[in-house]
$ cat coords-v1.txt   # compact mmCIF, C-alpha atoms and all ligand atoms
# COMPACT_ATOMS: atom_id res chain seq x y z
CA MET A 1311 88.38 259.49 124.44
CA THR A 1312 91.94 258.36 123.96
CA LYS A 1313 94.61 259.61 121.64
CA VAL A 1314 96.77 256.74 120.44
CA MET A 1315 99.91 256.53 118.33
CA ILE A 1316 100.44 253.39 116.26
CA ILE A 1317 104.05 252.83 115.17
CA GLY A 1318 104.63 250.59 112.14
CA ALA A 1319 102.64 250.62 108.90
CA GLY A 1320 103.06 247.01 107.77
CA GLY A 1321 100.53 244.18 107.64
CA VAL A 1322 99.74 244.33 111.36
CA GLY A 1323 99.84 248.15 111.50
CA GLY A 1324 97.15 248.28 108.82
CA VAL A 1325 94.81 246.00 110.78
CA VAL A 1326 95.33 247.79 114.12
CA THR A 1327 94.60 251.11 112.47
CA HIS A 1328 91.35 249.78 110.92
CA LYS A 1329 90.27 248.18 114.21
CA CYS A 1330 91.05 251.29 116.31
CA ALA A 1331 89.15 253.43 113.80
CA GLN A 1332 86.16 251.07 114.16
CA GLN A 1333 86.25 251.87 117.92
CA ALA A 1334 86.07 255.63 117.48
CA GLU A 1335 84.25 256.04 120.81
CA THR A 1336 87.42 254.74 122.54
CA PHE A 1337 90.15 255.95 120.22
CA GLY A 1338 89.14 259.54 119.57
CA GLU A 1339 92.34 260.39 117.74
CA ILE A 1340 94.68 258.05 115.86
CA ILE A 1341 98.15 258.86 114.58
CA LEU A 1342 99.93 256.29 112.43
CA ALA A 1343 103.69 256.82 112.34
CA SER A 1344 106.28 254.75 110.53
CA ARG A 1345 109.58 254.85 108.69
CA THR A 1346 107.90 255.22 105.28
CA GLU A 1347 105.10 257.75 105.58
CA SER A 1348 103.60 256.87 102.19
CA LYS A 1349 102.60 253.47 103.65
CA CYS A 1350 100.86 255.27 106.56
CA LYS A 1351 99.00 257.47 104.10
CA ALA A 1352 97.85 254.49 102.03
CA ILE A 1353 96.43 252.84 105.17
CA ALA A 1354 94.83 256.12 106.28
CA GLU A 1355 93.09 256.37 102.90
CA GLN A 1356 91.74 252.81 103.17
CA VAL A 1357 90.52 253.48 106.70
CA LYS A 1358 88.82 256.74 105.64
CA ALA A 1359 87.03 254.89 102.82
CA LYS A 1360 85.90 252.03 105.09
CA THR A 1361 85.04 253.88 108.30
CA GLY A 1362 84.96 257.61 107.54
CA VAL A 1363 87.54 258.15 110.30
CA THR A 1364 90.51 260.44 109.65
CA VAL A 1365 93.87 259.00 110.69
CA ARG A 1366 96.78 261.43 110.87
CA THR A 1367 100.19 260.20 109.74
CA ALA A 1368 103.81 260.96 110.59
CA GLN A 1369 107.26 259.91 109.44
CA ILE A 1370 109.43 258.51 112.21
CA ASP A 1371 112.58 256.46 112.62
CA ALA A 1372 111.74 254.53 115.78
CA ASP A 1373 115.42 253.59 116.23
CA ASN A 1374 116.05 257.25 117.04
CA VAL A 1375 114.98 257.86 120.66
CA PRO A 1376 115.31 261.71 120.74
CA GLU A 1377 113.34 262.06 117.49
CA LEU A 1378 110.57 259.72 118.66
CA ALA A 1379 110.45 261.26 122.16
CA ALA A 1380 110.05 264.71 120.55
CA LEU A 1381 107.17 263.45 118.38
CA LEU A 1382 105.50 261.85 121.41
CA LYS A 1383 105.94 265.01 123.49
CA SER A 1384 104.39 267.17 120.82
CA GLU A 1385 101.48 264.78 120.16
CA GLN A 1386 100.99 263.54 123.76
CA PRO A 1387 99.09 260.33 123.03
CA LYS A 1388 97.99 258.27 126.04
CA LEU A 1389 99.70 255.20 124.63
CA VAL A 1390 101.83 253.83 121.85
CA ILE A 1391 100.90 250.62 120.02
CA ASN A 1392 104.22 249.30 118.78
CA VAL A 1393 103.73 247.20 115.66
CA ALA A 1394 107.07 248.05 114.05
CA LEU A 1395 109.71 245.33 114.26
CA PRO A 1396 111.01 243.64 117.45
CA TYR A 1397 114.33 245.51 116.95
CA GLN A 1398 112.55 248.77 117.86
CA ASP A 1399 111.01 247.62 121.16
CA LEU A 1400 113.66 249.08 123.47
CA THR A 1401 114.04 252.43 121.69
CA ILE A 1402 110.25 252.87 121.67
CA MET A 1403 110.11 251.96 125.39
CA ASP A 1404 112.86 254.53 126.07
CA ALA A 1405 111.00 257.23 124.13
CA CYS A 1406 107.74 256.40 125.96
CA LEU A 1407 109.51 256.79 129.31
CA GLU A 1408 110.96 260.12 128.25
CA ALA A 1409 107.60 261.43 127.02
CA GLY A 1410 105.41 259.90 129.76
CA VAL A 1411 103.40 257.63 127.44
CA HIS A 1412 102.11 254.08 128.10
CA TYR A 1413 103.52 251.33 125.85
CA MET A 1414 102.35 248.08 124.30
CA ASP A 1415 103.69 245.65 121.68
CA THR A 1416 103.10 242.26 120.03
CA ALA A 1417 106.60 240.78 119.87
CA ASN A 1418 109.54 240.69 122.26
CA TYR A 1419 112.79 242.53 121.71
CA GLU A 1420 115.38 240.86 119.58
CA PRO A 1421 118.83 242.28 118.85
CA LEU A 1422 119.55 242.65 115.12
CA ASP A 1423 122.77 240.67 115.32
CA THR A 1424 121.54 237.65 117.37
CA ALA A 1425 118.43 235.66 116.53
CA LYS A 1426 117.47 235.28 120.18
CA PHE A 1427 113.99 235.86 121.50
CA GLU A 1428 114.19 236.68 125.19
CA TYR A 1429 112.21 238.85 127.54
CA LYS A 1430 115.21 239.72 129.71
CA TRP A 1431 115.84 243.04 127.95
CA GLN A 1432 112.26 244.25 128.32
CA TRP A 1433 111.76 242.82 131.83
CA ALA A 1434 114.78 244.91 132.85
CA TYR A 1435 112.57 248.03 132.34
CA GLN A 1436 110.25 246.99 135.21
CA GLU A 1437 111.56 249.51 137.72
CA LYS A 1438 111.80 252.36 135.22
CA PHE A 1439 108.15 251.95 134.21
CA GLN A 1440 107.04 251.56 137.84
CA LYS A 1441 108.87 254.72 138.88
CA ALA A 1442 107.42 256.64 135.95
CA GLY A 1443 103.90 255.44 136.79
CA LEU A 1444 103.61 254.00 133.28
CA THR A 1445 102.37 250.64 131.99
CA ALA A 1446 104.16 248.51 129.41
CA LEU A 1447 102.00 245.66 128.13
CA LEU A 1448 104.11 243.03 126.37
CA GLY A 1449 102.90 240.61 123.71
CA SER A 1450 99.34 241.65 122.85
CA GLY A 1451 99.12 239.88 119.47
CA PHE A 1452 97.82 236.35 118.89
CA ASP A 1453 100.84 234.25 119.74
CA PRO A 1454 102.10 235.75 121.96
CA GLY A 1455 98.89 237.43 123.02
CA ALA A 1456 95.61 235.59 122.74
CA THR A 1457 97.37 232.26 123.42
CA ASN A 1458 98.71 233.61 126.74
CA VAL A 1459 95.25 234.91 127.61
CA PHE A 1460 93.67 231.53 126.68
CA THR A 1461 96.12 229.88 129.09
CA ALA A 1462 95.33 232.37 131.86
CA TYR A 1463 91.59 231.98 131.24
CA LEU A 1464 91.72 228.18 131.37
CA ALA A 1465 93.93 228.27 134.49
CA LYS A 1466 91.47 230.68 136.14
CA HIS A 1467 88.17 229.02 135.23
CA TYR A 1468 88.85 225.36 134.45
CA PHE A 1469 91.71 224.16 136.67
CA ASP A 1470 93.09 224.21 140.19
CA GLU A 1471 96.57 223.61 138.79
CA ILE A 1472 97.85 223.42 135.22
CA HIS A 1473 100.53 220.86 134.29
CA GLU A 1474 100.95 220.65 130.52
CA LEU A 1475 100.52 223.27 127.83
CA ASP A 1476 100.58 222.84 124.05
CA ILE A 1477 100.10 225.93 121.92
CA ILE A 1478 99.13 224.92 118.38
CA ASP A 1479 99.22 227.43 115.54
CA VAL A 1480 97.76 226.09 112.30
CA ASN A 1481 97.55 228.18 109.17
CA GLY A 1482 95.47 226.31 106.62
CA GLY A 1483 95.59 229.28 104.24
CA ASP A 1484 97.00 229.16 100.72
CA HIS A 1485 98.30 232.31 98.98
CA GLY A 1486 99.24 230.58 95.73
CA TYR A 1487 102.91 231.69 95.74
CA PRO A 1488 105.63 228.99 95.71
CA PHE A 1489 107.12 230.63 98.86
CA ALA A 1490 106.07 233.61 100.94
CA THR A 1491 105.83 234.39 104.62
CA ASN A 1492 102.65 235.59 106.29
CA PHE A 1493 104.34 238.25 108.34
CA ASN A 1494 107.62 240.10 108.11
CA PRO A 1495 109.87 237.59 106.23
CA GLU A 1496 113.02 238.43 108.17
CA ILE A 1497 111.39 237.91 111.58
CA ASN A 1498 109.50 234.83 110.37
CA ILE A 1499 112.58 233.08 108.96
CA ARG A 1500 114.73 233.96 111.99
CA GLU A 1501 112.01 232.43 114.16
CA VAL A 1502 111.54 229.16 112.26
CA SER A 1503 115.24 228.52 111.65
CA ALA A 1504 116.15 228.99 115.32
CA GLU A 1505 116.88 225.99 117.56
CA CYS A 1506 113.79 224.56 119.22
CA ARG A 1507 113.41 225.06 122.96
CA HIS A 1508 110.55 223.74 125.03
CA TRP A 1509 109.90 223.76 128.75
CA GLU A 1510 110.20 220.40 130.51
CA GLY A 1511 110.94 219.42 134.09
CA GLY A 1512 111.77 222.94 135.26
CA GLU A 1513 114.11 223.94 132.42
CA PHE A 1514 114.29 224.70 128.73
CA VAL A 1515 115.36 221.71 126.64
CA THR A 1516 117.05 222.44 123.30
CA THR A 1517 116.53 220.30 120.19
CA PRO A 1518 117.39 220.92 116.50
CA PRO A 1519 114.98 223.14 114.51
CA MET A 1520 111.90 221.30 113.14
CA SER A 1521 113.08 217.97 114.58
CA LYS A 1522 109.77 217.02 116.17
CA LYS A 1523 106.71 216.63 114.00
CA ALA A 1524 103.14 215.59 114.78
CA GLU A 1525 99.79 215.43 113.03
CA PHE A 1526 96.96 217.54 114.35
CA THR A 1527 93.32 217.57 113.35
CA CYS A 1528 91.72 220.96 113.90
CA PRO A 1529 88.13 221.19 115.08
CA GLU A 1530 85.23 222.42 112.91
CA SER A 1531 86.50 220.76 109.71
CA VAL A 1532 89.51 223.07 109.29
CA GLY A 1533 91.53 219.95 108.40
CA THR A 1534 94.50 217.81 109.43
CA TYR A 1535 97.97 219.33 109.30
CA ASN A 1536 101.59 218.48 110.01
CA ILE A 1537 102.76 220.60 112.92
CA TYR A 1538 106.35 221.08 114.08
CA ARG A 1539 107.60 221.88 117.54
CA MET A 1540 109.53 225.16 117.73
CA TYR A 1541 110.48 227.83 120.21
CA HIS A 1542 108.10 230.71 120.68
CA GLU A 1543 108.52 233.58 123.07
CA GLU A 1544 105.37 233.05 125.15
CA LEU A 1545 106.89 229.81 126.50
CA GLU A 1546 109.34 231.95 128.50
CA SER A 1547 106.77 234.13 130.23
CA LEU A 1548 104.14 231.39 130.68
CA SER A 1549 106.60 228.93 132.27
CA LYS A 1550 107.63 231.74 134.63
CA HIS A 1551 104.12 232.84 135.54
CA TYR A 1552 102.69 229.30 135.78
CA PRO A 1553 105.37 227.45 137.80
CA THR A 1554 103.13 224.36 138.11
CA LEU A 1555 103.72 223.69 134.39
CA LYS A 1556 105.71 220.49 133.94
CA ARG A 1557 105.85 220.84 130.18
CA ALA A 1558 105.08 223.62 127.72
CA GLN A 1559 105.48 223.31 123.96
CA PHE A 1560 104.69 225.41 120.90
CA TRP A 1561 103.73 223.90 117.54
CA MET A 1562 103.22 225.47 114.14
CA SER A 1563 101.94 224.01 110.87
CA PHE A 1564 104.15 224.18 107.79
CA SER A 1565 103.53 222.79 104.34
CA GLU A 1566 106.08 220.46 102.74
CA ASN A 1567 106.56 223.14 100.12
CA TYR A 1568 107.43 225.83 102.69
CA LEU A 1569 109.93 223.53 104.42
CA LYS A 1570 111.53 222.49 101.13
CA HIS A 1571 112.13 226.12 100.14
CA LEU A 1572 113.41 227.00 103.59
CA GLU A 1573 115.87 224.11 103.57
CA VAL A 1574 117.31 225.15 100.22
CA LEU A 1575 117.53 228.80 101.24
CA GLU A 1576 119.32 227.80 104.46
CA ASN A 1577 121.68 225.47 102.61
CA VAL A 1578 122.77 228.20 100.20
CA GLY A 1579 123.23 230.74 103.01
CA MET A 1580 120.29 233.02 102.13
CA THR A 1581 118.92 232.99 105.68
CA GLY A 1582 122.16 234.21 107.30
CA ILE A 1583 122.01 237.26 109.56
CA ASP A 1584 125.71 238.20 109.40
CA PRO A 1585 126.67 240.77 106.75
CA ILE A 1586 128.69 239.57 103.76
CA ASP A 1587 130.80 241.66 101.46
CA TYR A 1588 129.41 241.87 97.92
CA ASN A 1589 131.40 244.06 95.52
CA GLY A 1590 132.44 246.30 98.39
CA GLN A 1591 128.91 246.53 99.82
CA GLN A 1592 127.82 244.97 103.10
CA ILE A 1593 124.73 242.83 102.54
CA VAL A 1594 122.80 240.80 105.14
CA PRO A 1595 121.53 237.72 103.22
CA ILE A 1596 118.21 237.45 105.10
CA GLN A 1597 117.47 241.13 104.46
CA LEU A 1598 118.10 240.68 100.74
CA LEU A 1599 115.83 237.62 100.78
CA ALA A 1600 113.12 239.60 102.58
CA LYS A 1601 113.28 242.21 99.79
CA LEU A 1602 112.80 239.51 97.14
CA LEU A 1603 109.84 237.79 98.79
CA PRO A 1604 106.24 239.00 98.42
CA ASP A 1605 105.26 241.73 100.88
CA PRO A 1606 103.06 239.99 103.51
CA ALA A 1607 100.66 242.94 103.29
CA SER A 1608 100.08 241.99 99.61
CA LEU A 1609 98.91 238.44 100.40
CA GLY A 1610 95.45 239.53 101.53
CA PRO A 1611 93.53 239.31 98.25
CA ARG A 1612 95.16 235.96 97.31
CA THR A 1613 94.89 233.98 100.55
CA LYS A 1614 92.11 231.45 100.97
CA GLY A 1615 91.46 229.08 103.86
CA LYS A 1616 91.42 229.29 107.63
CA THR A 1617 93.71 229.64 110.62
CA CYS A 1618 93.12 227.68 113.82
CA ILE A 1619 95.22 228.76 116.79
CA GLY A 1620 94.71 227.57 120.32
CA THR A 1621 96.03 226.11 123.53
CA VAL A 1622 95.55 222.64 124.98
CA VAL A 1623 95.95 222.54 128.74
CA LYS A 1624 96.18 219.44 130.93
CA GLY A 1625 95.79 219.82 134.65
CA ILE A 1626 93.85 219.02 137.78
CA LYS A 1627 90.41 220.17 138.86
CA ASP A 1628 88.89 218.89 142.10
CA GLY A 1629 91.50 216.14 142.22
CA LYS A 1630 90.71 214.84 138.71
CA GLU A 1631 92.81 215.17 135.54
CA LYS A 1632 91.25 217.24 132.76
CA ILE A 1633 92.23 218.30 129.25
CA VAL A 1634 90.75 221.51 127.84
CA TYR A 1635 91.31 223.08 124.42
CA CYS A 1636 90.60 226.76 123.75
CA TYR A 1637 90.86 227.79 120.09
CA GLN A 1638 90.00 230.47 117.60
CA ILE A 1639 89.30 229.92 113.89
CA CYS A 1640 89.68 232.78 111.44
CA ASP A 1641 88.87 232.90 107.72
CA HIS A 1642 91.44 234.67 105.51
CA GLN A 1643 88.90 235.97 103.02
CA ALA A 1644 86.51 237.27 105.68
CA CYS A 1645 89.42 239.25 107.14
CA TYR A 1646 90.23 240.65 103.74
CA ALA A 1647 86.64 241.73 103.19
CA GLU A 1648 86.67 243.58 106.52
CA VAL A 1649 90.10 245.24 106.67
CA GLU A 1650 91.92 244.33 103.43
CA SER A 1651 94.34 241.95 105.13
CA GLN A 1652 94.94 238.21 105.46
CA ALA A 1653 94.21 236.41 108.73
CA ILE A 1654 97.78 236.38 110.14
CA SER A 1655 97.93 240.17 110.34
CA TYR A 1656 94.26 240.23 111.38
CA THR A 1657 94.70 237.79 114.26
CA THR A 1658 97.62 239.92 115.47
CA GLY A 1659 96.06 243.34 114.90
CA VAL A 1660 92.75 242.65 116.64
CA PRO A 1661 94.35 241.58 119.98
CA ALA A 1662 96.65 244.61 119.71
CA MET A 1663 93.59 246.86 119.46
CA ILE A 1664 91.93 245.01 122.36
CA GLY A 1665 95.01 245.34 124.62
CA ALA A 1666 95.16 249.04 123.75
CA LYS A 1667 91.44 249.45 124.44
CA LEU A 1668 91.77 247.88 127.89
CA MET A 1669 94.66 250.25 128.60
CA ALA A 1670 92.76 253.23 127.18
CA GLU A 1671 89.85 252.41 129.50
CA ASP A 1672 92.25 252.13 132.48
CA LYS A 1673 91.22 248.46 132.97
CA TRP A 1674 94.72 247.16 132.30
CA LEU A 1675 96.83 250.01 133.64
CA GLN A 1676 99.32 249.20 136.35
CA PRO A 1677 102.76 250.82 136.55
CA GLY A 1678 105.45 248.38 135.46
CA VAL A 1679 106.23 245.94 132.65
CA TRP A 1680 103.75 243.08 132.31
CA ASN A 1681 103.21 240.11 130.08
CA ILE A 1682 99.64 239.88 128.95
CA GLU A 1683 98.80 236.78 131.07
CA GLN A 1684 99.48 238.83 134.20
CA PHE A 1685 96.27 240.82 133.69
CA ASP A 1686 92.72 239.52 134.28
CA PRO A 1687 91.91 237.51 131.12
CA ASP A 1688 88.12 237.95 131.32
CA PRO A 1689 87.67 241.37 129.67
CA PHE A 1690 90.11 240.41 126.89
CA MET A 1691 88.25 237.14 126.16
CA GLU A 1692 84.94 239.00 126.08
CA ALA A 1693 86.39 241.59 123.69
CA MET A 1694 87.73 238.88 121.34
CA ASN A 1695 84.19 237.61 120.86
CA GLN A 1696 82.97 241.13 120.30
CA TYR A 1697 85.62 242.42 117.88
CA GLY A 1698 86.10 239.65 115.33
CA LEU A 1699 87.94 236.74 116.97
CA PRO A 1700 85.28 234.48 118.49
CA TRP A 1701 86.75 231.50 120.35
CA ASN A 1702 85.53 228.18 121.61
CA ILE A 1703 86.39 225.84 124.46
CA ILE A 1704 86.06 222.04 124.36
CA GLU A 1705 87.04 219.32 126.81
CA LEU A 1706 89.09 216.47 125.31
CA ASP A 1707 89.10 212.85 126.47
CA GLU A 1708 92.68 212.39 125.39
CA PHE A 1709 95.46 214.36 123.76
CA ASN A 1710 98.89 213.15 122.73
CA LEU A 1711 101.30 214.70 120.23
CA ASP A 1712 104.13 212.26 121.01
CA GLN A 1713 104.43 209.99 117.99
P1 LIG B 1801 105.94 244.46 108.49
O1 LIG B 1801 107.35 244.24 108.09
O2 LIG B 1801 104.85 244.25 107.50
O3 LIG B 1801 105.80 245.94 109.07
C1 LIG B 1801 106.71 246.51 109.93
C2 LIG B 1801 106.55 248.02 109.86
O4 LIG B 1801 107.46 248.61 110.79
C3 LIG B 1801 106.86 248.60 108.49
O5 LIG B 1801 105.92 249.56 108.16
C4 LIG B 1801 108.24 249.22 108.71
O6 LIG B 1801 108.53 250.34 107.93
C5 LIG B 1801 108.12 249.66 110.15
N1 LIG B 1801 109.45 249.90 110.69
C6 LIG B 1801 110.53 249.09 110.64
N2 LIG B 1801 111.58 249.69 111.21
C7 LIG B 1801 111.16 250.91 111.61
C8 LIG B 1801 111.80 251.99 112.27
N3 LIG B 1801 113.08 251.95 112.60
N4 LIG B 1801 111.06 253.08 112.53
C9 LIG B 1801 109.76 253.15 112.19
N5 LIG B 1801 109.10 252.16 111.58
C10 LIG B 1801 109.80 251.04 111.29
O7 LIG B 1801 105.70 243.55 109.78
P2 LIG B 1801 104.30 242.98 110.33
O8 LIG B 1801 103.27 244.05 110.23
O9 LIG B 1801 104.07 241.66 109.72
O10 LIG B 1801 104.68 242.74 111.87
C11 LIG B 1801 104.72 243.82 112.79
C12 LIG B 1801 105.08 243.30 114.16
O11 LIG B 1801 104.11 242.37 114.60
C13 LIG B 1801 106.43 242.57 114.22
O12 LIG B 1801 107.09 242.94 115.41
C14 LIG B 1801 106.04 241.12 114.28
O13 LIG B 1801 107.02 240.34 114.93
C15 LIG B 1801 104.77 241.22 115.09
N6 LIG B 1801 103.88 240.05 114.92
C16 LIG B 1801 103.35 239.49 116.04
C17 LIG B 1801 102.50 238.40 115.93
C18 LIG B 1801 101.83 237.86 117.14
O14 LIG B 1801 100.91 237.04 116.99
N7 LIG B 1801 102.19 238.24 118.34
C19 LIG B 1801 102.21 237.78 114.62
C20 LIG B 1801 102.72 238.51 113.50
C21 LIG B 1801 103.56 239.60 113.67
P3 LIG B 1801 108.83 250.25 106.34
O15 LIG B 1801 107.46 250.26 105.76
O16 LIG B 1801 109.63 251.45 106.03
O17 LIG B 1801 109.56 248.96 106.11
$ encode --input "coords-v1.txt" --output "structure tokens" --more "lines below"
Ligand code: NDP
Amino acid sequence: MTKVMIIGAGGVGGVVTHKCAQQAETFGEIILASRTESKCKAIAEQVKAKTGVTVRTAQIDADNVPELAALLKSEQPKLVINVALPYQDLTIMDACLEAGVHYMDTANYEPLDTAKFEYKWQWAYQEKFQKAGLTALLGSGFDPGATNVFTAYLAKHYFDEIHELDIIDVNGGDHGYPFATNFNPEINIREVSAECRHWEGGEFVTTPPMSKKAEFTCPESVGTYNIYRMYHEELESLSKHYPTLKRAQFWMSFSENYLKHLEVLENVGMTGIDPIDYNGQQIVPIQLLAKLLPDPASLGPRTKGKTCIGTVVKGIKDGKEKIVYCYQICDHQACYAEVESQAISYTTGVPAMIGAKLMAEDKWLQPGVWNIEQFDPDPFMEAMNQYGLPWNIIELDEFNLDQ
């Protein structure tokens, strides 16, 4: 049985803790550590009530490497599940190296002062992890995470060569607020207001944010939504690991209402990441905005509807062109009934538990730093069906988002 330390007690942290507790035969001991210990304790209480499992808690500032390394050395978990914020990725990796603990996360490192999602900082740890005999699994959420695994699974079982990839993330859920984000507001707004980059013809092509729109009809009556092309971090690792890709794009659905609010907030400077002086105090506008918006963890009881996230791959099999779509549909209210969370945190937390489980069982342990698509996708896909995220695969006759 494995001792695991989860870092971060937000929306995703809550789901991972529930899901690990449900797998008590794998995760024999769970410690939930975060900046605000009261949030860890509240999750531990929920988990105790639902599963009977005791989760221990700890207060930690994961920006402080010596403090975190000391906690890891005293607790000696086999691995850390990092579901704090992307800003903490490198300090948590450093502490894991110092304490001899395996590492995994769901989002790539981003410096606080530049809204730039790049793997270069974490890939630079490759040699350090190899030398230490430790594994770092990067991006074991849904997107990145399950979407990378879907791509790897389709490439392995359905194609000889893959040429085009479209990752489509539709959230058909409604929380009833005029404006709220489904995960950490600061990270969410930084992501959607960034310039769009997509992979085409061997390089990343930059276009203005939200400048390409398409209409997409989800399978199984989830509905038809406006989706917008944007940059997402898995495009970087997938275009590297699948060099036959001629084009790779990421799309996300947004309501008119969400975009209207975002535009106004941007126009008045509320999404800025540089500090401003207010009455002698340094304030970062986006951080103030994040404080004013509803806590994503509080959206659970209010959110109704479904998510539909998947990947469409075009490629060649036995000399013939094929188009295959792998997708997963999740119901917000069913997630809430199970783990008291909406589907965005659920669809991130379940793959985080699955990645951790494969590491705990030594199936996905290999010294070094790896993106999730570099491991065998089969056990992960099987576990998704087993632990709450059943998926489906259909072949399409045609697929075109160019309008
Ligand atoms: P939340 O903001 O709800 O939670 C983040 C948690 O991290 C909070 O408990 C926060 O503490 C804690 N934290 C922040 N800074 C520190 C620190 N220095 N030391 C210790 N703990 C800290 O975010 P989410 O749960 O929505 O998201 C968690 C992660 O999951 C993010 O990295 C996000 O990008 C990623 N994500 C990935 C997705 C995917 O599909 N791959 C989808 C959605 C999210 P406090 O309570 O004190 O604020």
$ residues_near_ligand --input "coords-v1.txt" --ligand "ligand LIG 1801 (chain B)" --cutoff "7 Å" --atoms "only C-alpha atoms and all ligand atoms" --output "MDAnalysis selection string"
chainID A and resid 1317:1323 1344:1346 1349 1370:1373 1393:1396 1398 1416:1417 1449:1455 1493:1494 1497 1606:1607 1654:1655 1657:1658
$ residues_around --input "coords-v1.txt" --residues "range 1696-1712 of chain A" --least-positions-apart "2" --cutoff "8 Å" --atoms "all atoms listed in the file" --output "PyMOL selection string"
chain A and resi 1524-1526+1632-1640+1657+1660+1692-1694
$ residues_around --input "coords-v1.txt" --residues "range 1505-1519 of chain A" --least-positions-apart "5" --cutoff "12 Å" --atoms "only C-alpha atoms" --output "PyMOL selection string"
chain A and resi 1425-1428+1473-1477+1499-1500+1538-1550+1552-1562+1569+1572-1573+1576
$ atom_distance --input "coords-v1.txt" --atom1 "CA of Lys1441 in chain A" --atom2 "CA of Leu1422 in chain A"
28.7 Å
$ residues_around --input "coords-v1.txt" --residues "Met1315 in chain A" --least-positions-apart "6" --cutoff "10 Å" --atoms "only C-alpha atoms" --output "mmCIF file with C-alpha atoms, keeping the file's coordinate frame"
data_model
loop_
_atom_site.group_PDB
_atom_site.id
_atom_site.type_symbol
_atom_site.label_atom_id
_atom_site.label_comp_id
_atom_site.auth_asym_id
_atom_site.auth_seq_id
_atom_site.Cartn_x
_atom_site.Cartn_y
_atom_site.Cartn_z
ATOM 1 C CA THR A 1327 94.600 251.110 112.470
ATOM 2 C CA PHE A 1337 90.150 255.950 120.220
ATOM 3 C CA GLU A 1339 92.340 260.390 117.740
ATOM 4 C CA ILE A 1340 94.680 258.050 115.860
ATOM 5 C CA ILE A 1341 98.150 258.860 114.580
ATOM 6 C CA LEU A 1342 99.930 256.290 112.430
ATOM 7 C CA ALA A 1343 103.690 256.820 112.340
ATOM 8 C CA ARG A 1366 96.780 261.430 110.870
ATOM 9 C CA THR A 1367 100.190 260.200 109.740
ATOM 10 C CA ALA A 1368 103.810 260.960 110.590
ATOM 11 C CA LEU A 1382 105.500 261.850 121.410
ATOM 12 C CA GLU A 1385 101.480 264.780 120.160
ATOM 13 C CA GLN A 1386 100.990 263.540 123.760
ATOM 14 C CA PRO A 1387 99.090 260.330 123.030
ATOM 15 C CA LYS A 1388 97.990 258.270 126.040
ATOM 16 C CA LEU A 1389 99.700 255.200 124.630
ATOM 17 C CA VAL A 1390 101.830 253.830 121.850
ATOM 18 C CA ILE A 1391 100.900 250.620 120.020
ATOM 19 C CA ASN A 1392 104.220 249.300 118.780
ATOM 20 C CA VAL A 1411 103.400 257.630 127.440
ATOM 21 C CA TYR A 1413 103.520 251.330 125.850
#
$ closest_residue --input "coords-v1.txt" --among "A:Ser1563, A:Gln1440, A:Thr1491, A:Asn1681" --to "Met1520 in chain A" --atoms "only C-alpha atoms"
A:Ser1563
$ atom_distance --input "coords-v1.txt" --atom1 "CA of Leu1575 in chain A" --atom2 "CA of Ile1593 in chain A"
15.8 Å
$ residues_around --input "coords-v1.txt" --residues "Asp1688 in chain A" --least-positions-apart "3" --cutoff "12 Å" --atoms "all atoms listed in the file" --output "PyMOL selection string"
chain A and resi 1456+1459-1467+1668+1673-1674+1682-1685+1691-1695
$ build_atoms --input "coords-v1.txt" --residues "range 1470-1479 of chain A" --atoms "N, CA and C atoms" --output "mmCIF file, in the frame of the given file"
data_model
loop_
_atom_site.group_PDB
_atom_site.id
_atom_site.type_symbol
_atom_site.label_atom_id
_atom_site.label_comp_id
_atom_site.auth_asym_id
_atom_site.auth_seq_id
_atom_site.Cartn_x
_atom_site.Cartn_y
_atom_site.Cartn_z
ATOM 1 N N ASP A 1470 92.479 223.787 138.935
ATOM 2 C CA ASP A 1470 93.090 224.210 140.190
ATOM 3 C C ASP A 1470 94.595 224.392 139.978
ATOM 4 N N GLU A 1471 95.132 223.556 139.067
ATOM 5 C CA GLU A 1471 96.570 223.610 138.790
ATOM 6 C C GLU A 1471 96.787 223.152 137.361
ATOM 7 N N ILE A 1472 97.615 223.886 136.594
ATOM 8 C CA ILE A 1472 97.850 223.420 135.220
ATOM 9 C C ILE A 1472 99.235 222.756 135.119
ATOM 10 N N HIS A 1473 99.300 221.655 134.339
ATOM 11 C CA HIS A 1473 100.530 220.860 134.290
ATOM 12 C C HIS A 1473 101.186 220.812 132.913
ATOM 13 N N GLU A 1474 100.370 220.745 131.867
ATOM 14 C CA GLU A 1474 100.950 220.650 130.520
ATOM 15 C C GLU A 1474 100.257 221.638 129.594
ATOM 16 N N LEU A 1475 101.065 222.272 128.753
ATOM 17 C CA LEU A 1475 100.520 223.270 127.830
ATOM 18 C C LEU A 1475 101.061 223.005 126.435
ATOM 19 N N ASP A 1476 100.165 222.921 125.452
ATOM 20 C CA ASP A 1476 100.580 222.840 124.050
ATOM 21 C C ASP A 1476 99.880 223.955 123.299
ATOM 22 N N ILE A 1477 100.670 224.852 122.734
ATOM 23 C CA ILE A 1477 100.100 225.930 121.920
ATOM 24 C C ILE A 1477 100.227 225.477 120.473
ATOM 25 N N ILE A 1478 99.117 225.461 119.757
ATOM 26 C CA ILE A 1478 99.130 224.920 118.380
ATOM 27 C C ILE A 1478 98.633 225.993 117.410
ATOM 28 N N ASP A 1479 99.519 226.356 116.487
ATOM 29 C CA ASP A 1479 99.220 227.430 115.540
ATOM 30 C C ASP A 1479 99.155 226.809 114.141
#
